[in-house]
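The next block holds one structure in the form of structure tokens; read it before the comments.
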Amino acid sequence: MKAGTRHALTGLLWISPWLVGFAAFMLLPIAMSLYYSLTDYPLLEPPLFIGGGNYARMLTDEVFHKTLVNTLIYAGASIPLSTALALGIAALLNRKMRMGGFFQAAVFVPTLVPMVAAAMVWMWLFNGEYGLINRLLGVVGVRGPNWLLDRHWAMPALIIMSLWGVGQAVVLYLAALKDVPEQLYEAADLDGMGPVRRFFNVTLPMISPVVLFNVITLTIGTFQVFAIPWIIFQKDKGGPGQSGYFYTMYLYDNAFTYGQMGYANALAWVQLLIILGLTALMFALSRRFVHYRAA
């Protein structure tokens with residue numbers, strides 16, 4: 001046996017536990033999910049192959065259309081707002097200030113709170129009668145809506161809740177800001193740039209790779225939003241008028257409430273294709289807007 005072949009076999013032997021685990025817990029479930037998406041599989045009976053029937057069903061499924069639109073609206077509002085808020089907080093924390101470490105920790109701590117606990121807190125805050133938000137609005141003479149029971153206000157309430165978890169992005173932006181060369185700011189000052197122009201012409205291009213990373217992770221997270229709206233609206237399927245009924249919630253209901261595992265798997269594959277398509281689009285746009293420093 002040649003030395004190269006022996007070394008290759010030795011390497012494969014060392015990584016074989018990972019290969020076996022990957023095949024058993026990743027490749028096999030993926031293949032099974034793809035097969036089940038082409039079947040009528042009610043869980044208690046063997047799957048019956050129906051080809052693209054589940055995918056054709058989505059074209060006329062009004063609930064599917066509703067949840068997809070809700071998810072797109074939620075993502076379209078939550079991603080820009082979360083990105084802008086995280087960038088703004090990071091820029092403020094990047095300045096020299098007293099108790100800077102305390103404020104950084106205070107911003108990050110909410111991300112450590114379990115989602116169930118966070119959902120319960122937000123349910124109290126947005127309570128139409130006793131909630132703190134409406135009481136504060138009442139102080140300034142504004143009558144607050146019944147947030148979670150009004151189909152016009154349920155979605156804005158959920159978008160506001162999504163801003164709760166910007167702490168992790170803030171930490172990444174703060175690290176990127178500290179890595180921007182000071183010489184660039186000195187050159188900007190010599191050119192007479194103000195704070196706003198300096199941010200958009202120097203700071204933002206230098207941290208654009210981190211912005212791209214955070215936007216991609218936000219996109220994946222928002223298109224899979226499930227826990228908080230499920231806890232808040234679990235009794236009435238997405239709240240008033242299904243305004244808080246999202247794609248992953250409908251996927252879960254099909255799999256474990258209605259027992260339509262084949263359709264649920266088809267929904268999962270469509271969700272994957274949407275996320276992959278958006279990620280590919282962002283990478284394509286990044287060639288123009290994202291700047292990488294030379295080594």
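If you're wondering about the labels, chains in the structure tokens are A, B, ... by order shown, residues count from 1 in each chain, ligands from 1 in order shown.
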
Checklist line | Shell around stretch 228-234 of chain A at 6 Å using only C-alpha atoms, local window under 4 positions removed, as a PyMOL selection string | finding: chain A and resi 119+238-239

Restricted to C-alpha atoms, what would the selected residues look like written as a short mmCIF file (atom, residue, chain, number, x, y, z; two decimals), in the first residue's frame?
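Result went into result_29.cif, see below:
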```cif
data_model
loop_
_atom_site.label_atom_id
_atom_site.label_comp_id
_atom_site.auth_asym_id
_atom_site.auth_seq_id
_atom_site.Cartn_x
_atom_site.Cartn_y
_atom_site.Cartn_z
CA ALA A 119 -42.84 36.28 26.25
CA GLY A 238 -51.86 33.58 15.57
CA GLY A 239 -54.10 36.04 17.34
#
```

Check: Excluding same-chain residues fewer than 3 positions from A:Ala157, what lies within 10 Å of it counting only C-alpha atoms, as a list in words?
Finding: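 Final neighbour list, sorted by chain and number: Trp122, Met123, Phe126, Trp147, Leu148, His152, Trp153, Ala154, Ile160, Met161, Ser162 and Gly244 of chain A.
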
Note to self: Which residues are close to stretch 177-186 of chain A, i.e. within 9 Å by only C-alpha atoms, leaving aside same-chain residues fewer than 3 positions away? Reply as a VMD selection string.
What the structure shows: chain A and resid 90 to 91 94 172 to 174 189 to 191 198 202 to 203 206 to 207

Could you save the residues just selected, with C-alpha atoms, as a PDB file, in the first residue's frame?
```
ATOM      1  CA  ALA A  90     -22.904  50.023  19.376  1.00  0.00           C
ATOM      2  CA  ALA A  91     -21.836  53.467  18.159  1.00  0.00           C
ATOM      3  CA  ASN A  94     -17.988  52.695  21.452  1.00  0.00           C
ATOM      4  CA  LEU A 172     -20.358  42.032  17.317  1.00  0.00           C
ATOM      5  CA  TYR A 173     -20.717  45.571  16.004  1.00  0.00           C
ATOM      6  CA  LEU A 174     -18.855  46.939  19.015  1.00  0.00           C
ATOM      7  CA  ASP A 189     -11.192  64.892  10.146  1.00  0.00           C
ATOM      8  CA  LEU A 190      -8.581  66.462   7.864  1.00  0.00           C
ATOM      9  CA  ASP A 191     -11.087  66.281   4.987  1.00  0.00           C
ATOM     10  CA  ARG A 198     -17.649  59.952   8.779  1.00  0.00           C
ATOM     11  CA  VAL A 202     -15.564  55.439   6.946  1.00  0.00           C
ATOM     12  CA  THR A 203     -17.169  53.442   9.731  1.00  0.00           C
ATOM     13  CA  MET A 206     -15.141  49.144   7.416  1.00  0.00           C
ATOM     14  CA  ILE A 207     -17.671  47.108   9.425  1.00  0.00           C
TER      15      ILE A 207
END
```

Among stretch 9-94 of chain A, which residues does DSSP mark as alpha helix (DSSP H) when it is run on the backbone? Keep the chain and numbering as in the structure and answer as a CSV table (one decimal) with C-alpha atoms, in the first residue's frame.
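Final file, result23.csv:
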```csv
chain,number,residue,atom,x,y,z
A,9,LEU,CA,-7.1,5.8,5.2
A,10,THR,CA,-5.6,6.8,8.6
A,11,GLY,CA,-7.2,10.3,8.3
A,12,LEU,CA,-10.6,8.8,7.3
A,13,LEU,CA,-10.3,6.4,10.3
A,14,TRP,CA,-9.7,9.3,12.7
A,15,ILE,CA,-12.7,11.3,11.4
A,16,SER,CA,-15.0,8.3,10.9
A,17,PRO,CA,-17.0,9.0,14.1
A,18,TRP,CA,-17.8,12.4,12.8
A,19,LEU,CA,-18.6,11.0,9.3
A,20,VAL,CA,-20.9,8.4,10.8
A,21,GLY,CA,-22.6,10.9,13.0
A,22,PHE,CA,-23.1,13.3,10.1
A,28,LEU,CA,-30.3,10.6,6.5
A,29,PRO,CA,-32.9,12.9,8.0
A,30,ILE,CA,-32.5,15.4,5.1
A,31,ALA,CA,-33.1,12.6,2.6
A,32,MET,CA,-36.1,11.3,4.6
A,33,SER,CA,-37.5,14.8,4.8
A,34,LEU,CA,-37.2,15.2,1.1
A,35,TYR,CA,-38.9,11.9,0.4
A,36,TYR,CA,-41.7,12.6,2.9
A,53,GLY,CA,-48.9,17.1,-4.8
A,54,ASN,CA,-47.9,18.8,-1.6
A,55,TYR,CA,-46.1,21.6,-3.4
A,56,ALA,CA,-49.1,22.0,-5.8
A,57,ARG,CA,-51.4,22.3,-2.7
A,58,MET,CA,-49.5,25.4,-1.6
A,62,GLU,CA,-54.9,30.4,1.7
A,63,VAL,CA,-53.4,29.8,5.2
A,64,PHE,CA,-50.0,29.2,3.6
A,65,HIS,CA,-50.3,32.5,1.7
A,66,LYS,CA,-51.3,34.3,4.9
A,67,THR,CA,-48.4,32.9,7.0
A,68,LEU,CA,-45.9,33.6,4.2
A,69,VAL,CA,-47.1,37.2,3.9
A,70,ASN,CA,-47.1,37.7,7.7
A,71,THR,CA,-43.5,36.3,7.8
A,72,LEU,CA,-42.4,38.6,5.0
A,73,ILE,CA,-43.9,41.7,6.7
A,74,TYR,CA,-42.3,40.7,10.0
A,75,ALA,CA,-38.9,40.2,8.4
A,76,GLY,CA,-39.2,43.3,6.3
A,77,ALA,CA,-39.7,45.5,9.4
A,78,SER,CA,-37.7,43.6,12.0
A,79,ILE,CA,-34.5,43.2,10.1
A,80,PRO,CA,-33.9,46.9,9.2
A,81,LEU,CA,-35.1,48.1,12.6
A,82,SER,CA,-32.9,45.6,14.5
A,83,THR,CA,-29.9,46.4,12.4
A,84,ALA,CA,-30.3,50.2,12.8
A,85,LEU,CA,-30.9,49.9,16.5
A,86,ALA,CA,-27.9,47.6,17.1
A,87,LEU,CA,-25.6,49.9,15.1
A,88,GLY,CA,-26.8,52.9,17.0
A,89,ILE,CA,-26.3,51.4,20.4
A,90,ALA,CA,-22.9,50.0,19.4
A,91,ALA,CA,-21.8,53.5,18.2
A,92,LEU,CA,-22.9,55.0,21.5
A,93,LEU,CA,-21.1,52.3,23.5
```

Note to self: Using only C-alpha atoms for the distances, tell me which of A:Asp253, A:Gly128, A:Pro42, A:Val290 is nearest to A:Asp150.
What the structure shows: A:Gly128

Next item on the list: Write out as a PyMOL selection string which residues come within 10 Å of A:Trp269 when counting only C-alpha atoms, dropping same-chain ones fewer than 2 positions away.
Entry: chain A and resi 30+33-34+37+55+263-267+271-275

How would the residues just picked look written out with N, CA and C atoms as a compact mmCIF listing (two decimals), in the first residue's frame?
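Contents of the output file again37.txt:
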```
# COMPACT_ATOMS: atom_id res chain seq x y z
N ILE A 30 -32.21 14.48 6.26
CA ILE A 30 -32.48 15.36 5.12
C ILE A 30 -33.10 14.57 3.97
N SER A 33 -36.64 13.61 4.89
CA SER A 33 -37.54 14.77 4.81
C SER A 33 -37.91 15.07 3.36
N LEU A 34 -36.92 15.00 2.46
CA LEU A 34 -37.20 15.25 1.05
C LEU A 34 -38.18 14.20 0.51
N SER A 37 -41.70 14.80 1.83
CA SER A 37 -42.35 15.96 1.22
C SER A 37 -43.06 15.58 -0.08
N TYR A 55 -46.60 20.27 -2.96
CA TYR A 55 -46.14 21.57 -3.44
C TYR A 55 -47.23 22.26 -4.27
N TYR A 263 -47.03 17.17 4.14
CA TYR A 263 -47.20 18.59 3.80
C TYR A 263 -46.27 19.45 4.63
N ALA A 264 -46.07 19.10 5.89
CA ALA A 264 -45.16 19.85 6.75
C ALA A 264 -43.73 19.80 6.21
N ASN A 265 -43.30 18.65 5.73
CA ASN A 265 -41.96 18.54 5.16
C ASN A 265 -41.83 19.36 3.88
N ALA A 266 -42.89 19.40 3.08
CA ALA A 266 -42.86 20.24 1.88
C ALA A 266 -42.75 21.71 2.26
N LEU A 267 -43.48 22.12 3.31
CA LEU A 267 -43.37 23.50 3.79
C LEU A 267 -41.95 23.80 4.26
N GLN A 271 -39.46 26.64 2.80
CA GLN A 271 -38.84 27.61 3.70
C GLN A 271 -37.32 27.63 3.50
N LEU A 272 -36.72 26.46 3.38
CA LEU A 272 -35.28 26.38 3.15
C LEU A 272 -34.89 27.07 1.85
N LEU A 273 -35.66 26.85 0.79
CA LEU A 273 -35.35 27.45 -0.50
C LEU A 273 -35.48 28.98 -0.45
N ILE A 274 -36.48 29.46 0.29
CA ILE A 274 -36.64 30.92 0.43
C ILE A 274 -35.43 31.51 1.15
N ILE A 275 -35.01 30.89 2.24
CA ILE A 275 -33.88 31.40 3.01
C ILE A 275 -32.59 31.33 2.18
```
